[in-house]
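The next block is target_22.tsv, given as TSV, C-alpha atoms.
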```tsv
chain	number	residue	atom	x	y	z
R	1453	MET	CA	126.31	141.27	121.93
R	1454	GLY	CA	129.19	139.34	120.40
R	1455	ALA	CA	128.82	136.49	122.90
R	1456	LEU	CA	125.09	136.31	122.22
R	1457	ASP	CA	125.73	136.20	118.48
R	1458	VAL	CA	128.18	133.34	118.94
R	1459	ALA	CA	125.73	131.48	121.18
R	1460	PHE	CA	122.55	132.06	119.16
R	1461	ALA	CA	123.97	132.74	115.66
R	1462	PHE	CA	121.83	135.81	114.99
R	1463	ALA	CA	123.95	136.87	112.01
R	1464	ARG	CA	123.79	133.40	110.42
R	1465	LYS	CA	120.03	133.19	110.92
R	1466	ALA	CA	119.53	136.63	109.40
R	1467	ARG	CA	121.72	135.69	106.44
R	1468	ASP	CA	119.82	132.41	105.98
R	1469	HIS	CA	116.50	134.27	106.09
R	1470	ASP	CA	117.72	136.78	103.52
R	1471	LEU	CA	118.92	133.99	101.22
R	1472	LEU	CA	115.57	132.15	101.45
R	1473	ARG	CA	113.68	135.39	100.77
R	1474	ARG	CA	115.90	136.11	97.77
R	1475	ARG	CA	115.44	132.59	96.36
R	1476	PHE	CA	111.66	132.84	96.74
R	1477	THR	CA	111.64	136.28	95.10
R	1478	GLU	CA	113.66	134.92	92.17
R	1479	LEU	CA	111.16	132.08	91.80
R	1480	LEU	CA	108.30	134.58	91.84
R	1481	GLN	CA	110.04	136.62	89.16
R	1482	ASP	CA	110.43	133.51	86.97
R	1483	VAL	CA	106.75	132.65	87.38
R	1484	SER	CA	105.64	136.23	86.71
R	1485	ALA	CA	107.81	136.55	83.60
R	1486	ALA	CA	106.46	133.41	81.92
R	1487	LYS	CA	104.36	134.31	78.89
R	1488	ASP	CA	102.85	130.92	78.11
R	1489	PRO	CA	103.75	128.48	80.90
R	1490	GLY	CA	103.37	124.79	80.30
R	1491	GLU	CA	103.44	121.61	82.36
R	1492	THR	CA	107.26	121.55	82.32
R	1493	ASP	CA	107.34	125.06	83.79
R	1494	PHE	CA	104.90	124.13	86.56
R	1495	VAL	CA	106.94	121.06	87.49
R	1496	LYS	CA	110.16	123.11	87.54
R	1497	TRP	CA	108.58	125.84	89.70
R	1498	HIS	CA	107.06	123.31	92.08
R	1499	LYS	CA	110.45	121.64	92.53
R	1500	ALA	CA	112.11	125.02	93.12
R	1501	ARG	CA	109.50	125.88	95.79
R	1502	LEU	CA	110.03	122.54	97.52
R	1503	ASP	CA	113.81	123.08	97.42
R	1504	ILE	CA	113.35	126.44	99.14
R	1505	GLU	CA	110.98	124.96	101.74
R	1506	SER	CA	113.41	122.15	102.52
R	1507	ASP	CA	116.04	124.73	103.49
R	1508	GLU	CA	113.72	126.63	105.83
R	1509	PRO	CA	114.29	126.39	109.57
R	1510	PRO	CA	111.84	124.30	111.61
R	1511	ILE	CA	108.42	125.68	112.48
R	1512	TYR	CA	108.03	126.58	116.14
R	1513	TRP	CA	104.58	125.04	116.55
R	1514	ALA	CA	103.98	126.36	120.08
R	1515	VAL	CA	104.65	129.91	118.83
R	1516	GLU	CA	102.28	129.33	115.89
R	1517	ALA	CA	99.57	128.02	118.24
R	1518	SER	CA	100.04	130.92	120.66
R	1519	CYS	CA	99.86	133.44	117.81
R	1520	HIS	CA	96.70	131.76	116.51
R	1521	ASN	CA	95.07	132.16	119.92
R	1522	ASP	CA	96.22	135.80	120.24
R	1523	LEU	CA	94.84	136.69	116.81
R	1524	ALA	CA	91.53	134.99	117.51
R	1525	VAL	CA	91.13	136.99	120.72
R	1526	ALA	CA	92.29	140.24	119.06
R	1527	TRP	CA	89.75	139.78	116.25
R	1528	ASP	CA	87.01	139.09	118.80
R	1529	LEU	CA	86.79	135.45	117.70
R	1530	SER	CA	87.81	133.96	121.02
R	1531	GLU	CA	85.84	130.78	120.25
R	1532	LEU	CA	88.62	130.03	117.76
R	1533	ALA	CA	91.36	130.43	120.39
R	1534	VAL	CA	91.40	126.69	120.86
R	1535	ASN	CA	95.04	125.75	121.36
R	1536	ARG	CA	95.98	124.79	124.91
R	1537	LEU	CA	99.68	125.14	125.67
R	1538	SER	CA	101.20	123.59	128.75
R	1539	ALA	CA	103.30	125.73	131.08
R	1540	TRP	CA	106.40	124.03	129.63
R	1541	GLN	CA	105.34	124.84	126.06
R	1542	ARG	CA	104.63	128.48	126.95
R	1543	LEU	CA	108.01	128.76	128.68
R	1544	MET	CA	110.01	127.08	125.92
R	1545	GLN	CA	108.04	128.09	122.81
R	1546	GLN	CA	110.82	130.40	121.57
R	1547	TRP	CA	113.53	127.78	122.09
R	1548	LEU	CA	112.08	124.38	121.18
R	1549	ALA	CA	110.36	123.36	117.94
R	1550	PHE	CA	107.57	121.20	119.39
R	1551	GLN	CA	105.78	118.84	117.01
R	1552	PRO	CA	102.25	119.72	115.79
R	1553	GLY	CA	100.85	116.71	117.67
R	1554	ASP	CA	102.27	118.12	120.92
R	1555	ILE	CA	99.77	121.01	120.81
R	1556	VAL	CA	96.38	120.19	122.31
R	1557	SER	CA	93.43	121.69	120.48
R	1558	ASN	CA	89.87	122.03	121.77
R	1559	LEU	CA	88.62	122.24	118.19
R	1560	LYS	CA	86.57	119.15	117.39
R	1561	SER	CA	86.95	119.45	113.64
R	1562	ARG	CA	88.78	121.95	111.49
R	1563	PRO	CA	87.09	124.06	108.84
R	1564	PRO	CA	87.33	122.61	105.32
R	1565	GLY	CA	90.13	123.92	103.16
R	1566	ASP	CA	92.68	124.52	105.91
R	1567	GLY	CA	94.95	121.77	104.60
R	1568	ASP	CA	93.94	119.39	107.35
R	1569	THR	CA	92.09	116.12	106.95
R	1570	GLY	CA	89.18	117.41	109.02
R	1571	GLN	CA	90.04	115.12	111.93
R	1572	ALA	CA	90.53	116.49	115.40
R	1573	SER	CA	94.16	116.63	116.47
```
Could you quickly redo this structure as structure tokens?
Amino acid sequence: MGALDVAFAFARKARDHDLLRRRFTELLQDVSAAKDPGETDFVKWHKARLDIESDEPPIYWAVEASCHNDLAVAWDLSELAVNRLSAWQRLMQQWLAFQPGDIVSNLKSRPPGDGDTGQAS
């Protein structure tokens, strides 16, 4: 296990995750404790959230796409299981952080409000 920890830095990743969770929880406590928040408070909290996000590890987009498909099938919404992963992406999804544009989607347009522009990817 020691060699694996040296190679993959499990302990460091767990510590980083705990630190990010703690920082987000502290931000949530600040927001919850505010009695009469103003514009200055909102700006400060937004900056703190962006600071936390900038320290997060990269998103593994192939894992996200695969999970999306699995959930759609599990919830009997298989028509929403639209992400097509190549054999290489399926094989390497746990190891490489592919870019969102690398994932092929059969969805012609995304539902409004999902943070997307509504254009097919």
_Could you list, as an MDAnalysis selection string, every residue within 6 Å of segment 1537-1552 of chain R, counting all atoms listed in the file and ignoring same-chain residues fewer than 3 positions away?_
chainID R and resid 1512:1515 1555
Written selection (C-alpha atoms) as a compact mmCIF listing (two decimals), keeping the file's coordinate frame:
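And here is the file that came out, result-v5.txt:
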```txt
# COMPACT_ATOMS: atom_id res chain seq x y z
CA TYR R 1512 108.03 126.58 116.14
CA TRP R 1513 104.58 125.04 116.55
CA ALA R 1514 103.98 126.36 120.08
CA VAL R 1515 104.65 129.91 118.83
CA ILE R 1555 99.77 121.01 120.81
```
*asked:* Need to verify the contact set: Leu1479 of chain R, 8 Å, all atoms listed in the file, exclusion of same-chain residues closer than 6 positions in sequence. Can you return it as a PyMOL selection string?
replied: chain R and resi 1497+1500-1501
*Please provide the set of residues having any atom within 6 Å of Ser1557 of chain R, restricted to all atoms listed in the file, with same-chain residues fewer than 6 positions apart removed, written as a list of chain:residue names.*
R:Val1534, R:Asn1535, R:Arg1536
*Work out how far atom CA of Ile1511 of chain R is from atom CA of Asp1470 of chain R, in Å to one decimal.*
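Going from atom CA of Asp1470 of chain R over to atom CA of Ile1511 of chain R covers 17.0 Å.
Of note, atom CA of Ser1506 of chain R and atom CA of Val1556 of chain R are spaced 26.2 Å apart.
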*Among listed residues R:Glu1478, R:Glu1516, R:Asp1554, R:Asp1488, nearest Ile1504 of chain R (using all atoms listed in the file)*: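 Under the stated criterion, the closest residue is R:Glu1478.
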*Quote the spacing between atom CA of Pro1509 of chain R and atom CA of Lys1465 of chain R in Å to one decimal place.*
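Computing it gives 9.0 Å between the two atoms.
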*Pick from R:Trp1527, R:Asn1521, R:Gly1553, R:His1498, whichever lies nearest to Leu1480 of chain R using all atoms listed in the file*: R:His1498
